[in-house]
Amino acid sequence: MIVVLGISDPWISAAYIGCILAMLLCVVYGIINWNKGDEDEGGQISEEISWHDKEQEMEEKELGLWDEEG
């Protein structure tokens, strides 16, 4: 039996190698997908403002109240 780095069981070696490969896969995935989804940020902001205005109108209509801080 070959002992590498003091690990005699091949399943333990496989677990260590699997952890390192999973970590590398996560790093590569993160690099590839860095800042994805920010393409439509302006649309998201305008949608949120619209939603905020509609919520304000509903609260004014139903409760007659509105906190200016939002």
# chains A, B, ... in the order shown; residues from 1 in each chain; ligands from 1

$ select_by_dssp --residues "chain A" --states "alpha helix (DSSP H)" --output "PyMOL selection string"
chain A and resi 10-32+41-62

$ atom_distance --atom1 "CA of Asp40 in chain A" --atom2 "CA of Glu55 in chain A"
22.6 Å

$ atom_distance --atom1 "CA of Glu48 in chain A" --atom2 "CA of Trp34 in chain A"
23.6 Å

$ atom_distance --atom1 "CA of Ala15 in chain A" --atom2 "CA of Tyr29 in chain A"
20.8 Å
